[in-house]
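See below for my_file-v9.csv, which holds CSV, C-alpha atoms and all ligand atoms.
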```csv
chain,number,residue,atom,x,y,z
A,874,MET,CA,-42.6,78.6,36.1
A,875,PRO,CA,-39.1,77.1,36.3
A,876,GLU,CA,-38.5,73.5,35.3
A,877,PHE,CA,-40.4,71.0,37.4
A,878,THR,CA,-38.5,68.7,39.7
A,879,VAL,CA,-39.8,66.1,42.2
A,880,GLU,CA,-37.4,67.3,44.9
A,881,SER,CA,-38.5,70.9,44.8
A,882,PHE,CA,-42.2,70.0,44.5
A,883,VAL,CA,-42.0,67.7,47.5
A,884,GLN,CA,-40.1,70.3,49.5
A,885,ASP,CA,-42.6,73.0,48.7
A,886,MET,CA,-45.5,70.8,49.6
A,887,ARG,CA,-43.9,70.0,52.9
A,888,SER,CA,-43.4,73.7,53.6
A,889,ILE,CA,-47.0,74.6,52.6
A,890,ALA,CA,-48.5,71.8,54.7
A,891,VAL,CA,-47.1,73.1,58.0
A,892,ALA,CA,-47.8,76.8,57.4
A,893,PRO,CA,-51.0,78.7,57.9
A,894,ASP,CA,-53.7,78.5,55.2
A,895,ALA,CA,-52.3,75.2,53.9
A,896,THR,CA,-55.4,74.3,52.0
A,897,ARG,CA,-55.6,77.6,50.1
A,898,ASN,CA,-51.9,77.8,49.5
A,899,LEU,CA,-51.8,74.2,48.3
A,900,ARG,CA,-54.4,75.0,45.7
A,901,THR,CA,-52.6,78.2,44.6
A,902,TYR,CA,-49.4,76.3,44.2
A,903,MET,CA,-51.0,73.4,42.3
A,904,ASP,CA,-52.7,75.8,39.9
A,905,LYS,CA,-49.3,77.3,39.1
A,906,VAL,CA,-47.5,74.0,38.7
A,907,PHE,CA,-50.2,72.6,36.4
A,908,THR,CA,-49.9,75.6,34.0
A,909,ASN,CA,-47.0,73.5,32.6
A,910,PRO,CA,-48.1,69.9,32.6
A,911,THR,CA,-45.6,69.1,29.9
A,912,ALA,CA,-42.7,69.8,32.4
A,913,ILE,CA,-44.3,67.4,34.9
A,914,ALA,CA,-44.8,64.7,32.3
A,915,ALA,CA,-41.1,65.1,31.1
A,916,THR,CA,-39.9,64.6,34.7
A,917,PHE,CA,-41.8,61.4,35.1
A,918,GLU,CA,-41.0,60.1,31.6
A,919,GLY,CA,-39.7,56.5,32.0
A,920,SER,CA,-40.6,56.3,35.6
A,921,GLN,CA,-42.1,53.1,37.0
A,922,PRO,CA,-45.8,52.5,36.1
A,923,GLY,CA,-48.5,52.7,38.7
A,924,ASP,CA,-48.9,54.9,41.8
A,925,ILE,CA,-45.7,56.2,43.4
A,926,ILE,CA,-45.6,57.6,46.9
A,927,LEU,CA,-43.2,60.5,46.4
A,928,PHE,CA,-43.3,61.6,50.1
A,929,GLU,CA,-45.4,60.9,53.1
A,930,ASP,CA,-45.4,62.0,56.8
A,931,ASP,CA,-48.0,63.1,59.3
A,932,THR,CA,-48.3,66.5,57.6
A,933,VAL,CA,-48.5,65.7,53.9
A,934,SER,CA,-48.7,62.9,51.4
A,935,VAL,CA,-47.5,63.4,47.8
A,936,TRP,CA,-48.4,60.8,45.3
A,937,ARG,CA,-47.9,60.4,41.5
A,938,THR,CA,-51.1,58.5,40.6
A,939,SER,CA,-51.8,56.4,37.6
A,940,PHE,CA,-55.2,55.1,36.4
A,941,GLU,CA,-55.5,52.6,33.6
A,942,PRO,CA,-58.0,53.2,30.8
A,943,GLY,CA,-61.5,52.1,31.5
A,944,VAL,CA,-60.8,51.2,35.1
A,945,SER,CA,-62.7,52.7,38.0
A,946,VAL,CA,-61.3,53.2,41.5
A,947,PRO,CA,-64.1,52.4,44.0
A,948,ALA,CA,-65.8,55.3,45.8
A,949,HIS,CA,-63.9,56.4,48.9
A,950,ASP,CA,-63.2,59.3,51.2
A,951,HIS,CA,-59.8,60.6,52.3
A,952,GLN,CA,-60.5,62.3,55.7
A,953,LEU,CA,-57.9,64.8,54.5
A,954,SER,CA,-58.0,67.9,52.4
A,955,ALA,CA,-56.6,67.2,49.0
A,956,VAL,CA,-55.7,68.9,45.7
A,957,ILE,CA,-55.2,66.8,42.6
A,958,GLY,CA,-53.9,67.7,39.1
A,959,VAL,CA,-53.7,65.8,35.9
A,960,TYR,CA,-50.7,66.0,33.6
A,961,ARG,CA,-51.6,63.2,31.1
A,962,GLY,CA,-54.8,61.6,30.0
A,963,GLN,CA,-58.3,62.3,31.4
A,964,GLU,CA,-60.1,61.1,34.5
A,965,ARG,CA,-63.8,61.4,35.5
A,966,ASN,CA,-64.5,62.0,39.2
A,967,ASP,CA,-67.9,60.9,40.3
A,968,PHE,CA,-68.9,62.5,43.6
A,969,PHE,CA,-71.3,61.0,46.1
A,970,GLU,CA,-73.0,62.1,49.4
A,971,ALA,CA,-73.5,59.8,52.3
A,972,ASP,CA,-77.1,59.0,53.1
A,973,PRO,CA,-78.4,58.1,56.6
A,974,ASN,CA,-78.5,54.4,55.9
A,975,GLY,CA,-74.8,54.1,55.3
A,976,GLY,CA,-75.1,54.2,51.6
A,977,VAL,CA,-74.3,57.0,49.2
A,978,ARG,CA,-76.1,58.8,46.4
A,979,ARG,CA,-74.5,60.5,43.4
A,980,SER,CA,-74.1,64.2,43.7
A,981,GLY,CA,-72.1,65.2,40.6
A,982,GLU,CA,-69.2,64.6,38.4
A,983,VAL,CA,-66.1,66.5,37.2
A,984,THR,CA,-63.9,65.4,34.3
A,985,LEU,CA,-60.3,66.5,34.5
A,986,GLY,CA,-58.0,66.7,31.5
A,987,VAL,CA,-54.3,67.7,31.1
A,988,GLY,CA,-53.5,70.8,33.2
A,989,ASP,CA,-56.7,70.6,35.3
A,990,VAL,CA,-56.6,70.9,39.1
A,991,LEU,CA,-59.3,70.0,41.6
A,992,SER,CA,-59.7,70.6,45.4
A,993,ILE,CA,-61.4,67.8,47.4
A,994,GLY,CA,-62.7,68.4,50.9
A,995,PRO,CA,-61.9,66.0,53.7
A,996,ASN,CA,-65.4,64.6,53.8
A,997,ALA,CA,-65.9,64.3,50.0
A,998,ILE,CA,-66.6,60.9,48.6
A,999,HIS,CA,-65.5,60.2,45.0
A,1000,ALA,CA,-64.8,57.4,42.6
A,1001,VAL,CA,-62.3,57.9,39.8
A,1002,THR,CA,-62.5,56.5,36.2
A,1003,CYS,CA,-59.8,56.9,33.6
A,1004,VAL,CA,-61.7,57.9,30.5
A,1005,SER,CA,-58.8,58.5,28.1
A,1006,GLN,CA,-57.2,55.9,25.7
A,1007,GLU,CA,-53.9,56.3,27.6
A,1008,PRO,CA,-53.4,56.0,31.4
A,1009,CYS,CA,-54.4,59.0,33.4
A,1010,LEU,CA,-51.4,60.4,35.3
A,1011,GLY,CA,-51.4,63.0,38.0
A,1012,LEU,CA,-50.1,64.4,41.2
A,1013,HIS,CA,-52.3,64.1,44.3
A,1014,VAL,CA,-51.4,66.0,47.5
A,1015,TYR,CA,-53.2,65.3,50.8
A,1016,LEU,CA,-52.7,67.3,54.0
A,1017,GLY,CA,-51.9,64.4,56.2
A,1018,ASN,CA,-50.7,60.8,56.1
A,1019,LEU,CA,-53.0,59.1,53.6
A,1020,THR,CA,-51.9,55.5,54.3
A,1021,GLU,CA,-52.3,55.9,58.0
A,1022,VAL,CA,-55.7,57.6,58.3
A,1023,GLU,CA,-58.8,55.5,58.8
A,1024,ARG,CA,-60.9,55.8,55.6
A,1025,THR,CA,-64.1,54.3,54.2
A,1026,LEU,CA,-64.9,52.5,50.9
A,1027,PHE,CA,-68.5,52.6,49.5
A,1028,ASP,CA,-70.3,49.9,47.5
A,1029,ILE,CA,-72.5,52.1,45.4
A,1030,ASP,CA,-74.6,49.2,44.0
A,1031,ASN,CA,-75.3,47.6,47.4
A,1032,ARG,CA,-75.5,50.9,49.3
A,1033,THR,CA,-73.1,49.8,51.9
A,1034,SER,CA,-69.8,51.1,53.3
A,1035,MET,CA,-66.8,49.3,54.8
A,1036,PRO,CA,-63.3,50.1,56.1
A,1037,PHE,CA,-60.7,51.1,53.4
A,1038,ASP,CA,-58.3,48.1,53.3
A,1039,ASP,CA,-56.7,46.1,50.5
A,1040,ALA,CA,-59.2,43.3,50.6
A,1041,ASN,CA,-62.2,45.5,50.4
A,1042,TYR,CA,-60.5,47.7,47.8
A,1043,ASN,CA,-59.7,44.8,45.5
A,1044,GLU,CA,-63.2,43.4,45.9
A,1045,LEU,CA,-64.7,46.7,44.7
A,1046,MET,CA,-62.3,47.3,41.8
A,1047,SER,CA,-64.0,46.8,38.5
A,1048,ALA,CA,-64.3,48.0,34.9
A,1049,ASP,CA,-66.1,51.3,34.5
A,1050,ARG,CA,-69.4,50.9,36.4
A,1051,PHE,CA,-70.3,54.5,37.1
B,1,FE,FE,-59.3,59.7,46.1
```

As structure tokens - that is how I would like this structure written.
Ligand SMILES: [Fe+2]
Amino acid sequence: MPEFTVESFVQDMRSIAVAPDATRNLRTYMDKVFTNPTAIAATFEGSQPGDIILFEDDTVSVWRTSFEPGVSVPAHDHQLSAVIGVYRGQERNDFFEADPNGGVRRSGEVTLGVGDVLSIGPNAIHAVTCVSQEPCLGLHVYLGNLTEVERTLFDIDNRTSMPFDDANYNELMSADRF
């Protein structure tokens, strides 16, 4: 694998997103890129903290994500196929299934460490918790415009769901609760 650059990564993601078999090819590409997580980490060394939208249009969203130790991102869907990879730290993904009452029940969990890649279907519901001592950093690619699509947040404790917006998101943010 040649040296990782954001420009070529984004360009390749854009090409894959508009070609046939995008979901499968995206996974194949991410598996290859994350065989060298050190190269990705080196590229982002010294970059601004937090999430960075590297590219977004109607066909693909490319994010550098950052989760702080012990913090959980509330359960949510994407409505888009996604592939995520971790290049530093460790994150636990808790998965949930919708139940007929508008709530959700836990259906499993996957912990991702450095170099791990995970495919997430468009209807999947997950919460993410950084379980490492250092921030968990990764690349998330979604086949569509993540900030434009209508998504749902889930309050696990109260078995309710609500539109994904900043106010609801901040309300549900908390220390590790899963
Ligand atoms: Fe997510």

* Of the residues A:Val906, A:Cys1009, A:Val977, A:Met886, which is the one nearest to Thr1025 of chain A, using only C-alpha atoms? ->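 Closest to Thr1025 of chain A of all the choices is A:Val977.
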
* **7 Å shell around ligand FE 1 (chain B) using all atoms listed in the file, listed as a list of chain:residue names** =>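 The distance check yields A:His949, A:Asp950, A:His951, A:His999, A:Ala1000.
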
* Asked: Just how far from atom CA of Ala912 of chain A is atom CA of Phe877 of chain A, in Å to one decimal?
  ->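 It comes out at 5.6 Å.
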
* **Which residue of A:Val990, A:Thr984, A:Gly1011, A:Ile926 approaches Tyr960 of chain A most closely, using only C-alpha atoms** =>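 Comparing A:Val990, A:Thr984, A:Gly1011, A:Ile926 against Tyr960 of chain A, the winner is A:Gly1011.
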
* Asked: Using all atoms listed in the file, which of A:Asn1018, A:Thr916, A:Ser954, A:Asn1041 sits nearest Thr878 of chain A?
  ->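 Of A:Asn1018, A:Thr916, A:Ser954, A:Asn1041, the one nearest Thr878 of chain A, counting all atoms listed in the file, is A:Thr916.
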
* Asked: Need the neighbours of (-52.1, 64.4, 54.1): which residues are at most 9 Å away, counting all atoms listed in the file, as a ChimeraX atom specification?
  -> /A:890,929-935,951-955,1014-1020,1022

* Tell me which of A:Asn1031, A:Thr1002, A:Asn974, A:Asn909 sits closest to Pro947 of chain A, counting only C-alpha atoms. =>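 Answer, going by the shortest atom-to-atom distance: A:Thr1002.
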
* Rounded to one decimal place, report the atom CA of Ala1040 of chain A-atom CA of Glu941 of chain A distance in Å. =>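 Straight-line distance from atom CA of Ala1040 of chain A to atom CA of Glu941 of chain A works out to 19.7 Å.
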
* Which residue out of A:Gln963, A:Asn1043, A:Thr911, A:Ser1034 has the minimum interatomic distance to Phe940 of chain A when only C-alpha atoms are used? ->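 Selected residue with least distance to Phe940 of chain A: A:Gln963.
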
* Could you please determine the separation between atom CA of Val959 of chain A and atom CA of Gly919 of chain A in Å, to one decimal place? =>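 The value is 17.3 Å.
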
* To do: Identify, on the basis of all atoms listed in the file, every residue whose closest approach to Arg979 of chain A does not exceed 10 Å; exclude the query and any residue fewer than 5 positions from it along the same chain; express the result as JSON, numbers by chain.
  => {"A": [967, 968, 969, 970, 971, 998, 999, 1029, 1051]}

* Contacts of segment 894-903 of chain A within 10 Å, all atoms listed in the file, excl. fewer than 5 positions in-chain, as a PyMOL selection string -> chain A and resi 882+885-889+908+954-958+988-994+1012-1016

Let me see the file: selected residues, C-alpha atoms, as a PDB file, in the frame of the given file.
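And here's again_18.pdb as it stands now:
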```pdb
ATOM      1  CA  PHE A 882     -42.200  70.000  44.500  1.00  0.00           C
ATOM      2  CA  ASP A 885     -42.600  73.000  48.700  1.00  0.00           C
ATOM      3  CA  MET A 886     -45.500  70.800  49.600  1.00  0.00           C
ATOM      4  CA  ARG A 887     -43.900  70.000  52.900  1.00  0.00           C
ATOM      5  CA  SER A 888     -43.400  73.700  53.600  1.00  0.00           C
ATOM      6  CA  ILE A 889     -47.000  74.600  52.600  1.00  0.00           C
ATOM      7  CA  THR A 908     -49.900  75.600  34.000  1.00  0.00           C
ATOM      8  CA  SER A 954     -58.000  67.900  52.400  1.00  0.00           C
ATOM      9  CA  ALA A 955     -56.600  67.200  49.000  1.00  0.00           C
ATOM     10  CA  VAL A 956     -55.700  68.900  45.700  1.00  0.00           C
ATOM     11  CA  ILE A 957     -55.200  66.800  42.600  1.00  0.00           C
ATOM     12  CA  GLY A 958     -53.900  67.700  39.100  1.00  0.00           C
ATOM     13  CA  GLY A 988     -53.500  70.800  33.200  1.00  0.00           C
ATOM     14  CA  ASP A 989     -56.700  70.600  35.300  1.00  0.00           C
ATOM     15  CA  VAL A 990     -56.600  70.900  39.100  1.00  0.00           C
ATOM     16  CA  LEU A 991     -59.300  70.000  41.600  1.00  0.00           C
ATOM     17  CA  SER A 992     -59.700  70.600  45.400  1.00  0.00           C
ATOM     18  CA  ILE A 993     -61.400  67.800  47.400  1.00  0.00           C
ATOM     19  CA  GLY A 994     -62.700  68.400  50.900  1.00  0.00           C
ATOM     20  CA  LEU A1012     -50.100  64.400  41.200  1.00  0.00           C
ATOM     21  CA  HIS A1013     -52.300  64.100  44.300  1.00  0.00           C
ATOM     22  CA  VAL A1014     -51.400  66.000  47.500  1.00  0.00           C
ATOM     23  CA  TYR A1015     -53.200  65.300  50.800  1.00  0.00           C
ATOM     24  CA  LEU A1016     -52.700  67.300  54.000  1.00  0.00           C
TER      25      LEU A1016
END
```
